[in-house]
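I have placed the structure first, in the form of structure tokens, so that the comments after it can refer back to it.
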Amino acid sequence: MAGTREKPAAKAGTEKKQRTDKKAGAEKKHRTDKKTGAEKNPSAEKPRSEKKAARSASETVDFPRGGASGLTPLEFREVSRQAEQEVLFSDGVTGDQSDKKRRLPETADAPKKHKKKSKKAAGSTVQLPEDERVNLVESLSLKKLSKGALVLGCIASIEELELRVSLPNGLLGTVPITSISPELTALVEKAAEAADDSDDAMDVDGSDDDPLDLKTRFFIGQYVKCAIADLPADQSAASGKKKKSKSAPRLELTLIPEEINGRIDPDDICEGVIVTASVKSVEDRGYVLTTGISGNKISAFLPSSEAQAWIDRWMPQVTELKPGQLVEAAVTSVSDDRRSLRMTIDPAVVSQATVKDTYKTMASVQPGQLVSATVMKAWDRGLSLRFMGFYDCSADLNGLGMPAARSKADVEKKYPLGKVVPVRVLYVSLTAAGKVIIVSRMPHVLAFKPRPALTGYELPAAAHLASDKANSDISAAANEKGKIDKMWPIPYGTVLDDCIVLSVVGTIGLALQVPATKAVTAFAKVAQLAEEDEPAPKLNKYSGPFHVGTRHRARVVGYDAIDAVVRVSLRPSMVNEKFLTIDDVYPGAAVNGTIKVFRENGVEITISSTLHGFIHKQHLADVALKHPELQFKAGKQIACRVLKVLHEQRSILLTTRKSLVQSKLPIVTGYTEAEGAVPGAITQAVVDRVVDNGAIVNFYQGAHGLVVGGSKRLEPGKSIKCRILTCDSERRRIRVTDNVDEGVSLDELLAKLAPAKPTEFSTDISQVAPGQIVSGAVVRIRSESAMLTLDG
């Protein structure tokens, strides 16, 4: 019986072992089939537990659920952060991202939420084959700028201690004198040291009266490569909130060659590369240049013959380049050991210089370089291109010279897919968030020739730059219909009464046609379409207040020298502003201002959003005030009158004297009748000082006169009414009187004030004889003699 009872137990153990082996074999086979991707008999029946295990294994590999990840929390957080950065800030889909998306299997088990995210991500990128992926079109703006990025700029004005540079898309930048070149910085430091030791602080090298004069080293319209040194304070992410500024924010830039060229790979230096360089020293046969490549280990030489053409074309007032002067030079030859370069700045050569070899690294791509690019894709906002077969770039509508393009079809018509076109690099940003290269197709940028600005007070200095009609906007000759063919210049602040909307550029702004000409295009950013306290309008090309074809009044507020586009504002407050520029202000004009700050010597006044003035303490009132700070508090509205406009100093002097502000009398601003100096006219003046024969009085704009025959007591600082007697414009003299009685004519006043005519006396001394008794009158007595007039 015992043996009989053991048989079932042994049989049960054998069956259990067989089931275990069978299950293990099935699982091993399932894993092997899944790994190789070949299931030989998918229709074979399997235990329910095996199917469930297989399904769980598949879901675990493809779609982890419930946090089943092989990553640690720290690794997961780092991957999530990188993915978020790539989605928010990348310019397009990189190869890694696209490959990952392809490897995700499309199965019915994929969660709907995952599909929704994938669809959303695909809408913000370019889904093209791997060899045709391109970047989206980028338009330069403050939000997209980054420190260290390189940008091509055009010098708009030259100040005493800084340069002001016009950048693409209406951006402005400033370059301090110490951020131009190491040689110029050394001269500044030397001048500062000399200022402490000698009165002749500026004559530090004994060669020039002012060796630091930037106007002898730069010219208006000169192209310069800039590195962004600092962003405006209101763009700082740490602040959290943007600070509203009525004036255009300006970037701090640097032109130092090492900051520009430090990233260039020395192996990429070849013939045709355009390099920023500064003059280190002047030699007998040329100039030694500082390039900043590889820490200044590569030297460069510019022969005098290669520099003379540039001097004759752009700066004929100088005879040679100066130490510290910055130039954009093209490489003509490289030594065998790649440690020395031969350069040229001949405008004809530099404008056509192209790189002969393909760059090994994107870091060597520089603004200002001319390259041949292939059109990869057209958009309604511009083009995506590729050059050297590897490097993607983009050009917006302004860079293509097509700000009025209305659709993608307009762009495709001019730039079909695969077309090869020359472009010049404008902007290069290589950051972890994305790599952005922006190029331009504008004719004057391709030719590397400055185009005279259409607006701004620096126009006279830029006028000589247009040497030929093809690149000139100077022609202002009227055509047969009396309309201007090309508007040059369009002064800053000009009101354009009938601008037509040509196109709506996405959510960026409007392209408008300037009245009476098709040669100039204006552009208004969306922020300039409504007041600051109003929400920005939604733009639509078919409807709304700014659809295509509508007409608006606009005011010129700037000019893009790179894009050749006039910047305008459609804000009613800006268009209707009476005093927008200093040219709008004139002596004697009545203005309403706001007190900005009270100072010991006077009061600063805000005239408009762009203008400020100053009231000297002597012109605060007609009488001396004991506590003027109590009357002139910040923020108070006050009525003023313009005393003097100093255009060179760009300052305005005002007065708040009631006798002048409320006066209805004619204004005298000079010594001619056109300036108000009309004999017989009664006007208001302020006594400056008392002299022996009368008093000196001041009018407007620095004109002054002499009070003769004063009948009242005149005191300095007193405001009086006076009548003009005579004017001498050549000698710049005005004679006035304080007798303003209208019952007395001008002739009577002149006769009364005229000196007595001298009596005519005979000079024939034969009529008298020595010893003769005569009668007469003494007219003058001297220490040893007397002068008499004899009767008879």
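Quick note on naming: the chains in the structure tokens go A, B, ... in the order shown, residues restart at 1 in each chain, and ligands are numbered from 1 in order of appearance.
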
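Excluding Ser608 (chain A) itself and any same-chain residue fewer than 5 positions from it, the protein and nucleic acid residues within 10 Å of it, counting only C-alpha atoms, are A:Met574, A:Glu577, A:Lys578, A:Phe579, A:Leu580, A:Thr581, A:Val591, A:Asn592, A:Gly593, A:Thr594, A:Gly613.
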
Check region 201-385 of chain A with DSSP on the backbone and list each residue it calls strand (DSSP E or B), as a short mmCIF file (atom, residue, chain, number, x, y, z; two decimals) with N, CA, C and O atoms, in the first residue's frame.
data_model
loop_
_atom_site.label_atom_id
_atom_site.label_comp_id
_atom_site.auth_asym_id
_atom_site.auth_seq_id
_atom_site.Cartn_x
_atom_site.Cartn_y
_atom_site.Cartn_z
N TYR A 223 30.16 99.78 -42.02
CA TYR A 223 29.75 98.49 -41.49
C TYR A 223 30.76 98.03 -40.44
O TYR A 223 31.97 98.13 -40.64
N VAL A 224 30.25 97.50 -39.33
CA VAL A 224 31.10 96.99 -38.26
C VAL A 224 30.49 95.70 -37.72
O VAL A 224 29.27 95.56 -37.63
N LYS A 225 31.35 94.75 -37.38
CA LYS A 225 30.90 93.55 -36.68
C LYS A 225 30.87 93.84 -35.19
O LYS A 225 31.84 94.36 -34.64
N CYS A 226 29.77 93.47 -34.56
CA CYS A 226 29.60 93.77 -33.14
C CYS A 226 29.32 92.50 -32.37
O CYS A 226 28.66 91.58 -32.87
N ALA A 227 29.82 92.46 -31.16
CA ALA A 227 29.46 91.40 -30.21
C ALA A 227 28.61 92.03 -29.12
O ALA A 227 28.91 93.12 -28.63
N ILE A 228 27.51 91.37 -28.77
CA ILE A 228 26.61 91.91 -27.76
C ILE A 228 27.25 91.72 -26.39
O ILE A 228 27.42 90.60 -25.91
N ALA A 229 27.60 92.85 -25.76
CA ALA A 229 28.26 92.80 -24.46
C ALA A 229 27.26 92.77 -23.32
O ALA A 229 27.50 92.13 -22.29
N ASP A 230 26.15 93.48 -23.49
CA ASP A 230 25.15 93.52 -22.42
C ASP A 230 23.81 93.88 -23.01
O ASP A 230 23.72 94.65 -23.96
N ARG A 250 18.60 100.42 -25.99
CA ARG A 250 19.87 100.29 -26.69
C ARG A 250 20.72 99.21 -26.05
O ARG A 250 20.73 99.04 -24.84
N LEU A 251 21.43 98.50 -26.90
CA LEU A 251 22.30 97.44 -26.46
C LEU A 251 23.70 97.98 -26.27
O LEU A 251 24.11 98.92 -26.94
N GLU A 252 24.44 97.36 -25.38
CA GLU A 252 25.85 97.71 -25.25
C GLU A 252 26.65 96.71 -26.07
O GLU A 252 26.54 95.50 -25.88
N LEU A 253 27.44 97.23 -26.99
CA LEU A 253 28.18 96.40 -27.93
C LEU A 253 29.67 96.57 -27.72
O LEU A 253 30.13 97.51 -27.08
N THR A 254 30.42 95.65 -28.29
CA THR A 254 31.87 95.76 -28.32
C THR A 254 32.37 95.42 -29.70
O THR A 254 31.80 94.56 -30.39
N ILE A 274 36.48 87.40 -44.31
CA ILE A 274 36.50 88.80 -43.88
C ILE A 274 36.68 88.83 -42.37
O ILE A 274 35.89 88.23 -41.62
N VAL A 275 37.71 89.52 -41.93
CA VAL A 275 38.11 89.53 -40.52
C VAL A 275 38.10 90.97 -39.99
O VAL A 275 38.56 91.89 -40.67
N THR A 276 37.57 91.14 -38.80
CA THR A 276 37.65 92.43 -38.12
C THR A 276 39.05 92.59 -37.56
O THR A 276 39.56 91.70 -36.85
N ALA A 277 39.70 93.72 -37.84
CA ALA A 277 41.07 93.94 -37.39
C ALA A 277 41.24 95.40 -37.00
O ALA A 277 40.54 96.28 -37.51
N SER A 278 42.16 95.65 -36.09
CA SER A 278 42.49 97.02 -35.68
C SER A 278 43.95 97.30 -36.01
O SER A 278 44.79 96.39 -35.99
N VAL A 279 44.23 98.54 -36.30
CA VAL A 279 45.59 98.94 -36.67
C VAL A 279 46.44 98.97 -35.40
O VAL A 279 46.18 99.75 -34.48
N LYS A 280 47.45 98.11 -35.37
CA LYS A 280 48.34 98.05 -34.22
C LYS A 280 49.46 99.07 -34.33
O LYS A 280 49.81 99.76 -33.36
N SER A 281 50.04 99.19 -35.53
CA SER A 281 51.12 100.15 -35.75
C SER A 281 51.20 100.50 -37.22
O SER A 281 50.74 99.73 -38.08
N VAL A 282 51.77 101.65 -37.50
CA VAL A 282 51.95 102.13 -38.87
C VAL A 282 53.42 101.95 -39.24
O VAL A 282 54.30 102.50 -38.58
N GLY A 286 53.22 99.67 -44.81
CA GLY A 286 51.85 99.24 -44.53
C GLY A 286 51.53 99.32 -43.06
O GLY A 286 52.12 100.10 -42.30
N TYR A 287 50.60 98.46 -42.64
CA TYR A 287 50.07 98.49 -41.28
C TYR A 287 50.07 97.08 -40.70
O TYR A 287 49.69 96.12 -41.36
N VAL A 288 50.52 96.99 -39.46
CA VAL A 288 50.41 95.75 -38.70
C VAL A 288 49.05 95.74 -38.01
O VAL A 288 48.69 96.71 -37.34
N LEU A 289 48.30 94.66 -38.19
CA LEU A 289 46.93 94.58 -37.70
C LEU A 289 46.82 93.60 -36.54
O LEU A 289 47.55 92.60 -36.48
N THR A 290 45.89 93.88 -35.65
CA THR A 290 45.52 92.97 -34.57
C THR A 290 44.22 92.28 -34.96
O THR A 290 43.21 92.96 -35.19
N SER A 299 49.44 86.86 -36.78
CA SER A 299 49.68 88.25 -37.14
C SER A 299 49.11 88.53 -38.53
O SER A 299 48.90 87.61 -39.32
N ALA A 300 48.87 89.80 -38.81
CA ALA A 300 48.31 90.20 -40.10
C ALA A 300 48.98 91.49 -40.55
O ALA A 300 49.33 92.35 -39.73
N PHE A 301 49.13 91.61 -41.87
CA PHE A 301 49.78 92.79 -42.44
C PHE A 301 48.92 93.33 -43.58
O PHE A 301 48.42 92.57 -44.42
N LEU A 302 48.74 94.63 -43.58
CA LEU A 302 47.96 95.32 -44.61
C LEU A 302 48.88 96.27 -45.37
O LEU A 302 49.33 97.27 -44.83
N PRO A 303 49.19 95.96 -46.64
CA PRO A 303 50.05 96.87 -47.42
C PRO A 303 49.38 98.22 -47.62
O PRO A 303 48.15 98.33 -47.70
N LEU A 326 39.58 100.71 -36.69
CA LEU A 326 39.00 99.41 -36.98
C LEU A 326 38.67 99.30 -38.45
O LEU A 326 38.13 100.23 -39.04
N VAL A 327 38.97 98.15 -39.05
CA VAL A 327 38.67 97.92 -40.46
C VAL A 327 38.15 96.49 -40.64
O VAL A 327 38.43 95.60 -39.82
N GLU A 328 37.36 96.30 -41.69
CA GLU A 328 36.93 94.96 -42.10
C GLU A 328 37.79 94.55 -43.28
O GLU A 328 37.64 95.10 -44.38
N ALA A 329 38.70 93.62 -43.07
CA ALA A 329 39.70 93.26 -44.06
C ALA A 329 39.46 91.84 -44.56
O ALA A 329 39.04 90.95 -43.80
N ALA A 330 39.74 91.63 -45.84
CA ALA A 330 39.62 90.31 -46.45
C ALA A 330 41.00 89.67 -46.55
O ALA A 330 41.99 90.33 -46.88
N VAL A 331 41.06 88.38 -46.27
CA VAL A 331 42.32 87.64 -46.35
C VAL A 331 42.65 87.37 -47.82
O VAL A 331 41.82 86.84 -48.56
N THR A 332 43.84 87.76 -48.23
CA THR A 332 44.28 87.50 -49.61
C THR A 332 45.25 86.35 -49.70
O THR A 332 45.34 85.69 -50.74
N SER A 333 45.99 86.08 -48.61
CA SER A 333 46.90 84.93 -48.61
C SER A 333 47.21 84.54 -47.17
O SER A 333 47.16 85.37 -46.26
N VAL A 334 47.52 83.24 -47.00
CA VAL A 334 47.85 82.68 -45.68
C VAL A 334 49.21 82.01 -45.79
O VAL A 334 49.48 81.28 -46.76
N SER A 340 50.62 83.88 -40.18
CA SER A 340 50.60 85.26 -40.67
C SER A 340 49.64 85.36 -41.85
O SER A 340 49.53 84.43 -42.65
N LEU A 341 48.98 86.51 -41.94
CA LEU A 341 47.99 86.75 -42.98
C LEU A 341 48.34 88.01 -43.74
O LEU A 341 48.90 88.96 -43.18
N ARG A 342 47.97 88.02 -44.99
CA ARG A 342 48.08 89.23 -45.80
C ARG A 342 46.66 89.68 -46.12
O ARG A 342 45.84 88.88 -46.58
N MET A 343 46.37 90.96 -45.88
CA MET A 343 45.00 91.46 -45.92
C MET A 343 44.84 92.57 -46.95
O MET A 343 45.82 93.14 -47.44
N THR A 344 43.58 92.87 -47.26
CA THR A 344 43.23 94.02 -48.09
C THR A 344 41.92 94.59 -47.58
O THR A 344 41.07 93.86 -47.08
N THR A 354 34.59 85.92 -51.04
CA THR A 354 33.83 84.73 -50.64
C THR A 354 34.80 83.66 -50.16
O THR A 354 35.94 83.57 -50.62
N LEU A 370 30.18 86.90 -47.09
CA LEU A 370 29.37 86.62 -48.27
C LEU A 370 29.47 85.15 -48.60
O LEU A 370 30.57 84.61 -48.74
N VAL A 371 28.31 84.48 -48.71
CA VAL A 371 28.28 83.05 -49.02
C VAL A 371 27.20 82.79 -50.05
O VAL A 371 26.30 83.61 -50.26
N SER A 372 27.27 81.63 -50.68
CA SER A 372 26.23 81.18 -51.61
C SER A 372 25.34 80.20 -50.88
O SER A 372 25.82 79.20 -50.33
N ALA A 373 24.04 80.48 -50.88
CA ALA A 373 23.09 79.67 -50.13
C ALA A 373 22.04 79.10 -51.06
O ALA A 373 21.67 79.71 -52.07
N THR A 374 21.53 77.93 -50.69
CA THR A 374 20.49 77.25 -51.46
C THR A 374 19.15 77.41 -50.76
O THR A 374 19.06 77.21 -49.54
N VAL A 375 18.13 77.75 -51.52
CA VAL A 375 16.79 77.90 -50.95
C VAL A 375 16.25 76.53 -50.60
O VAL A 375 16.10 75.65 -51.46
N MET A 376 15.93 76.31 -49.32
CA MET A 376 15.42 75.03 -48.85
C MET A 376 13.90 75.03 -48.69
O MET A 376 13.26 74.01 -48.92
N LYS A 377 13.35 76.18 -48.29
CA LYS A 377 11.91 76.25 -48.09
C LYS A 377 11.49 77.71 -48.03
O LYS A 377 12.21 78.55 -47.49
N ALA A 378 10.34 78.02 -48.58
CA ALA A 378 9.77 79.36 -48.54
C ALA A 378 8.64 79.41 -47.53
O ALA A 378 7.86 78.45 -47.41
N TRP A 379 8.56 80.52 -46.81
CA TRP A 379 7.52 80.74 -45.82
C TRP A 379 6.83 82.06 -46.12
O TRP A 379 7.31 82.84 -46.94
N GLY A 382 9.45 84.60 -44.93
CA GLY A 382 10.81 84.66 -45.43
C GLY A 382 11.26 83.34 -46.03
O GLY A 382 10.46 82.56 -46.55
N LEU A 383 12.57 83.08 -45.93
CA LEU A 383 13.18 81.90 -46.54
C LEU A 383 14.02 81.15 -45.53
O LEU A 383 14.64 81.75 -44.63
N SER A 384 14.06 79.83 -45.70
CA SER A 384 15.03 78.98 -45.02
C SER A 384 16.06 78.57 -46.07
O SER A 384 15.70 78.11 -47.15
N LEU A 385 17.35 78.76 -45.75
CA LEU A 385 18.42 78.49 -46.71
C LEU A 385 19.49 77.64 -46.05
O LEU A 385 19.51 77.47 -44.82
#

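Shell of Val707 (chain A) at 7 Å, with only C-alpha atoms counted and residues fewer than 4 places along the chain excluded, is Gly694, Ala695, Ile696, Arg735, Val736, Thr737 and Asp738 of chain A.
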
Go ahead and write the residues just picked, N, CA, C and O atoms, as a PDB file, in the first residue's frame.
ATOM      1  N   GLY A 694      23.776 153.450 -20.943  1.00  0.00           N
ATOM      2  CA  GLY A 694      22.443 152.862 -20.974  1.00  0.00           C
ATOM      3  C   GLY A 694      22.425 151.505 -20.288  1.00  0.00           C
ATOM      4  O   GLY A 694      22.970 151.338 -19.195  1.00  0.00           O
ATOM      5  N   ALA A 695      21.819 150.531 -20.944  1.00  0.00           N
ATOM      6  CA  ALA A 695      21.725 149.177 -20.393  1.00  0.00           C
ATOM      7  C   ALA A 695      21.658 148.170 -21.542  1.00  0.00           C
ATOM      8  O   ALA A 695      21.167 148.481 -22.637  1.00  0.00           O
ATOM      9  N   ILE A 696      22.158 146.957 -21.259  1.00  0.00           N
ATOM     10  CA  ILE A 696      22.105 145.866 -22.224  1.00  0.00           C
ATOM     11  C   ILE A 696      20.905 144.992 -21.874  1.00  0.00           C
ATOM     12  O   ILE A 696      20.749 144.564 -20.725  1.00  0.00           O
ATOM     13  N   ARG A 735      19.423 149.094 -31.305  1.00  0.00           N
ATOM     14  CA  ARG A 735      19.238 150.189 -30.354  1.00  0.00           C
ATOM     15  C   ARG A 735      17.757 150.280 -30.025  1.00  0.00           C
ATOM     16  O   ARG A 735      16.900 150.281 -30.921  1.00  0.00           O
ATOM     17  N   VAL A 736      17.457 150.340 -28.725  1.00  0.00           N
ATOM     18  CA  VAL A 736      16.064 150.389 -28.266  1.00  0.00           C
ATOM     19  C   VAL A 736      15.927 151.508 -27.239  1.00  0.00           C
ATOM     20  O   VAL A 736      16.906 152.068 -26.747  1.00  0.00           O
ATOM     21  N   THR A 737      14.672 151.801 -26.944  1.00  0.00           N
ATOM     22  CA  THR A 737      14.350 152.773 -25.900  1.00  0.00           C
ATOM     23  C   THR A 737      13.222 152.216 -25.052  1.00  0.00           C
ATOM     24  O   THR A 737      12.399 151.424 -25.538  1.00  0.00           O
ATOM     25  N   ASP A 738      13.212 152.613 -23.790  1.00  0.00           N
ATOM     26  CA  ASP A 738      12.138 152.160 -22.905  1.00  0.00           C
ATOM     27  C   ASP A 738      10.908 153.060 -22.978  1.00  0.00           C
ATOM     28  O   ASP A 738       9.938 152.857 -22.248  1.00  0.00           O
TER      29      ASP A 738
END

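If you look at CA of Val661 (chain A) and CA of Glu604 (chain A), they are 17.2 Å away from each other.
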
Using DSSP secondary structure from the backbone, list all helix (DSSP H, G or I) positions within region 357-411 of chain A, as a PyMOL selection string. chain A and resi 362-364+397-400+408-411

Contact table region 517-580 of chain A vs region 404-414 of chain A, cut-off 10 Å, shortest pair per residue, only C-alpha atoms, as CSV:
residue,atom,partner,partner_atom,distance
A:Thr521,CA,A:Ala404,CA,8.0
A:Ala522,CA,A:Ala404,CA,9.4
A:Phe523,CA,A:Ala404,CA,9.3
A:Lys541,CA,A:Arg406,CA,8.4
A:Val548,CA,A:Arg406,CA,9.0

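Computed from the coordinates, the CA of Gly602 (chain A) to CA of Ile652 (chain A) distance equals 13.0 Å.
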
Computed gap from CA of Asp688 (chain A) to CA of Glu715 (chain A) is 8.2 Å

Which residues are near Thr216 (chain A)? Cut-off 12 Å, only C-alpha atoms, ignore same chain within fewer than 4 positions. Put them as a list of chain:residue names. A:Ile158, A:Glu159, A:Glu160, A:Asp208, A:Asp209, A:Asp210, A:Pro211, A:Leu212, A:Ile220, A:Ile311, A:Trp314, A:Met315, A:Pro316, A:Gln317, A:Val318, A:Thr319, A:Glu320, A:Leu321, A:Lys322, A:Pro323, A:Gly324, A:Gln325, A:Leu326

Using the selection just defined, write its residues with N, CA and C atoms as an mmCIF file, in the first residue's frame.
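Written out: part-v4.cif:
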data_model
loop_
_atom_site.group_PDB
_atom_site.id
_atom_site.type_symbol
_atom_site.label_atom_id
_atom_site.label_comp_id
_atom_site.auth_asym_id
_atom_site.auth_seq_id
_atom_site.Cartn_x
_atom_site.Cartn_y
_atom_site.Cartn_z
ATOM 1 N N ILE A 158 28.416 109.433 -34.631
ATOM 2 C CA ILE A 158 29.709 109.383 -33.953
ATOM 3 C C ILE A 158 29.718 110.468 -32.887
ATOM 4 N N GLU A 159 29.778 110.055 -31.625
ATOM 5 C CA GLU A 159 29.808 110.989 -30.515
ATOM 6 C C GLU A 159 31.242 111.134 -30.015
ATOM 7 N N GLU A 160 31.404 111.947 -28.985
ATOM 8 C CA GLU A 160 32.752 112.212 -28.485
ATOM 9 C C GLU A 160 33.377 110.967 -27.860
ATOM 10 N N ASP A 208 48.850 114.645 -33.265
ATOM 11 C CA ASP A 208 47.573 115.250 -33.595
ATOM 12 C C ASP A 208 47.088 116.086 -32.429
ATOM 13 N N ASP A 209 46.222 117.047 -32.768
ATOM 14 C CA ASP A 209 45.623 117.855 -31.718
ATOM 15 C C ASP A 209 44.676 117.021 -30.871
ATOM 16 N N ASP A 210 43.984 116.067 -31.475
ATOM 17 C CA ASP A 210 43.042 115.230 -30.747
ATOM 18 C C ASP A 210 43.175 113.800 -31.252
ATOM 19 N N PRO A 211 44.090 113.022 -30.692
ATOM 20 C CA PRO A 211 44.295 111.660 -31.188
ATOM 21 C C PRO A 211 43.140 110.720 -30.862
ATOM 22 N N LEU A 212 42.225 111.128 -29.999
ATOM 23 C CA LEU A 212 41.094 110.274 -29.630
ATOM 24 C C LEU A 212 39.823 110.622 -30.386
ATOM 25 N N ILE A 220 30.123 107.817 -40.968
ATOM 26 C CA ILE A 220 28.712 107.479 -40.913
ATOM 27 C C ILE A 220 28.388 106.486 -42.028
ATOM 28 N N ILE A 311 40.755 104.429 -48.167
ATOM 29 C CA ILE A 311 40.884 105.806 -47.662
ATOM 30 C C ILE A 311 40.317 106.802 -48.659
ATOM 31 N N TRP A 314 36.240 106.300 -48.711
ATOM 32 C CA TRP A 314 35.392 106.553 -47.555
ATOM 33 C C TRP A 314 35.886 107.664 -46.642
ATOM 34 N N MET A 315 37.190 107.886 -46.542
ATOM 35 C CA MET A 315 37.702 108.918 -45.640
ATOM 36 C C MET A 315 38.776 109.747 -46.330
ATOM 37 N N PRO A 316 38.392 110.509 -47.356
ATOM 38 C CA PRO A 316 39.398 111.287 -48.095
ATOM 39 C C PRO A 316 40.028 112.403 -47.276
ATOM 40 N N GLN A 317 39.451 112.733 -46.116
ATOM 41 C CA GLN A 317 39.997 113.820 -45.310
ATOM 42 C C GLN A 317 41.257 113.401 -44.547
ATOM 43 N N VAL A 318 41.578 112.102 -44.519
ATOM 44 C CA VAL A 318 42.780 111.639 -43.825
ATOM 45 C C VAL A 318 43.765 111.096 -44.848
ATOM 46 N N THR A 319 45.016 111.008 -44.452
ATOM 47 C CA THR A 319 46.070 110.540 -45.362
ATOM 48 C C THR A 319 46.469 109.100 -45.098
ATOM 49 N N GLU A 320 46.237 108.603 -43.863
ATOM 50 C CA GLU A 320 46.589 107.238 -43.521
ATOM 51 C C GLU A 320 45.736 106.752 -42.367
ATOM 52 N N LEU A 321 45.753 105.449 -42.172
ATOM 53 C CA LEU A 321 45.030 104.872 -41.047
ATOM 54 C C LEU A 321 45.753 105.202 -39.738
ATOM 55 N N LYS A 322 44.982 105.261 -38.665
ATOM 56 C CA LYS A 322 45.536 105.621 -37.364
ATOM 57 C C LYS A 322 45.571 104.402 -36.448
ATOM 58 N N PRO A 323 46.504 104.362 -35.509
ATOM 59 C CA PRO A 323 46.520 103.266 -34.540
ATOM 60 C C PRO A 323 45.199 103.193 -33.782
ATOM 61 N N GLY A 324 44.692 101.988 -33.660
ATOM 62 C CA GLY A 324 43.406 101.802 -33.007
ATOM 63 C C GLY A 324 42.226 101.840 -33.938
ATOM 64 N N GLN A 325 42.447 102.217 -35.210
ATOM 65 C CA GLN A 325 41.347 102.286 -36.168
ATOM 66 C C GLN A 325 40.904 100.883 -36.549
ATOM 67 N N LEU A 326 39.581 100.707 -36.690
ATOM 68 C CA LEU A 326 39.005 99.409 -36.975
ATOM 69 C C LEU A 326 38.668 99.299 -38.453
#

Do you know which residues are at most 6 Å from region 557-566 of chain A counting only C-alpha atoms, after dropping those on the same chain fewer than 2 positions away, and could you put them as a PyMOL selection string? chain A and resi 168+170+398+453+455+492-493+521-522+568

Can you spit out the residues from that selection as a tab-separated table (two decimals), in the first residue's frame, using N, CA, C and O atoms?
chain	number	residue	atom	x	y	z
A	168	PRO	N	19.97	95.44	-37.42
A	168	PRO	CA	18.78	95.00	-38.16
A	168	PRO	C	17.51	95.09	-37.31
A	168	PRO	O	17.54	95.04	-36.09
A	170	GLY	N	15.47	97.53	-36.66
A	170	GLY	CA	15.22	98.70	-35.83
A	170	GLY	C	15.92	98.71	-34.50
A	170	GLY	O	15.62	99.58	-33.66
A	398	ASN	N	12.21	91.53	-44.50
A	398	ASN	CA	13.04	92.73	-44.59
A	398	ASN	C	14.40	92.41	-45.18
A	398	ASN	O	14.93	93.16	-45.99
A	453	ALA	N	21.43	107.25	-44.63
A	453	ALA	CA	20.20	107.14	-43.85
A	453	ALA	C	19.14	108.09	-44.37
A	453	ALA	O	19.45	109.17	-44.87
A	455	THR	N	16.67	109.15	-42.37
A	455	THR	CA	16.24	109.98	-41.26
A	455	THR	C	17.40	110.21	-40.32
A	455	THR	O	18.40	109.52	-40.37
A	492	TYR	N	13.47	112.91	-39.47
A	492	TYR	CA	12.88	112.30	-38.29
A	492	TYR	C	11.75	113.19	-37.79
A	492	TYR	O	11.91	114.39	-37.63
A	493	GLY	N	10.60	112.60	-37.55
A	493	GLY	CA	9.45	113.35	-37.08
A	493	GLY	C	8.51	113.79	-38.18
A	493	GLY	O	7.46	114.38	-37.89
A	521	THR	N	9.78	102.07	-48.49
A	521	THR	CA	8.79	101.30	-47.76
A	521	THR	C	8.91	101.63	-46.28
A	521	THR	O	10.02	101.74	-45.75
A	522	ALA	N	7.78	101.78	-45.63
A	522	ALA	CA	7.74	102.05	-44.20
A	522	ALA	C	7.25	100.82	-43.46
A	522	ALA	O	6.54	99.98	-44.04
A	568	VAL	N	8.01	103.83	-38.72
A	568	VAL	CA	6.97	104.82	-38.46
A	568	VAL	C	6.13	104.38	-37.28
A	568	VAL	O	6.14	103.20	-36.88

Show me, as JSON, numbers by chain, the residues that have an atom within 10 Å of Cys640 (chain A) when counting only C-alpha atoms, minus same-chain residues fewer than 6 positions from it. {"A": [588, 589, 590, 591, 592, 593, 594, 605, 607, 613, 615, 620, 653, 654, 655, 656, 657, 658, 660, 661, 662]}

Which residue of A:Gly544, A:Gly262, A:Pro666, A:Gly702 approaches Gln366 (chain A) most closely, using only C-alpha atoms: A:Gly262

Looking at only C-alpha atoms, which of A:Pro535, A:Val505, A:Leu150, A:Ala634 is the one that sits closest to Gln369 (chain A)? A:Leu150

Excluding Ile437 (chain A) and its own-chain neighbours fewer than 3 positions away, which residues fall within 9 Å of it when counting only C-alpha atoms? Please give them as a ChimeraX atom specification. /A:138,365,367,391-395,425-430
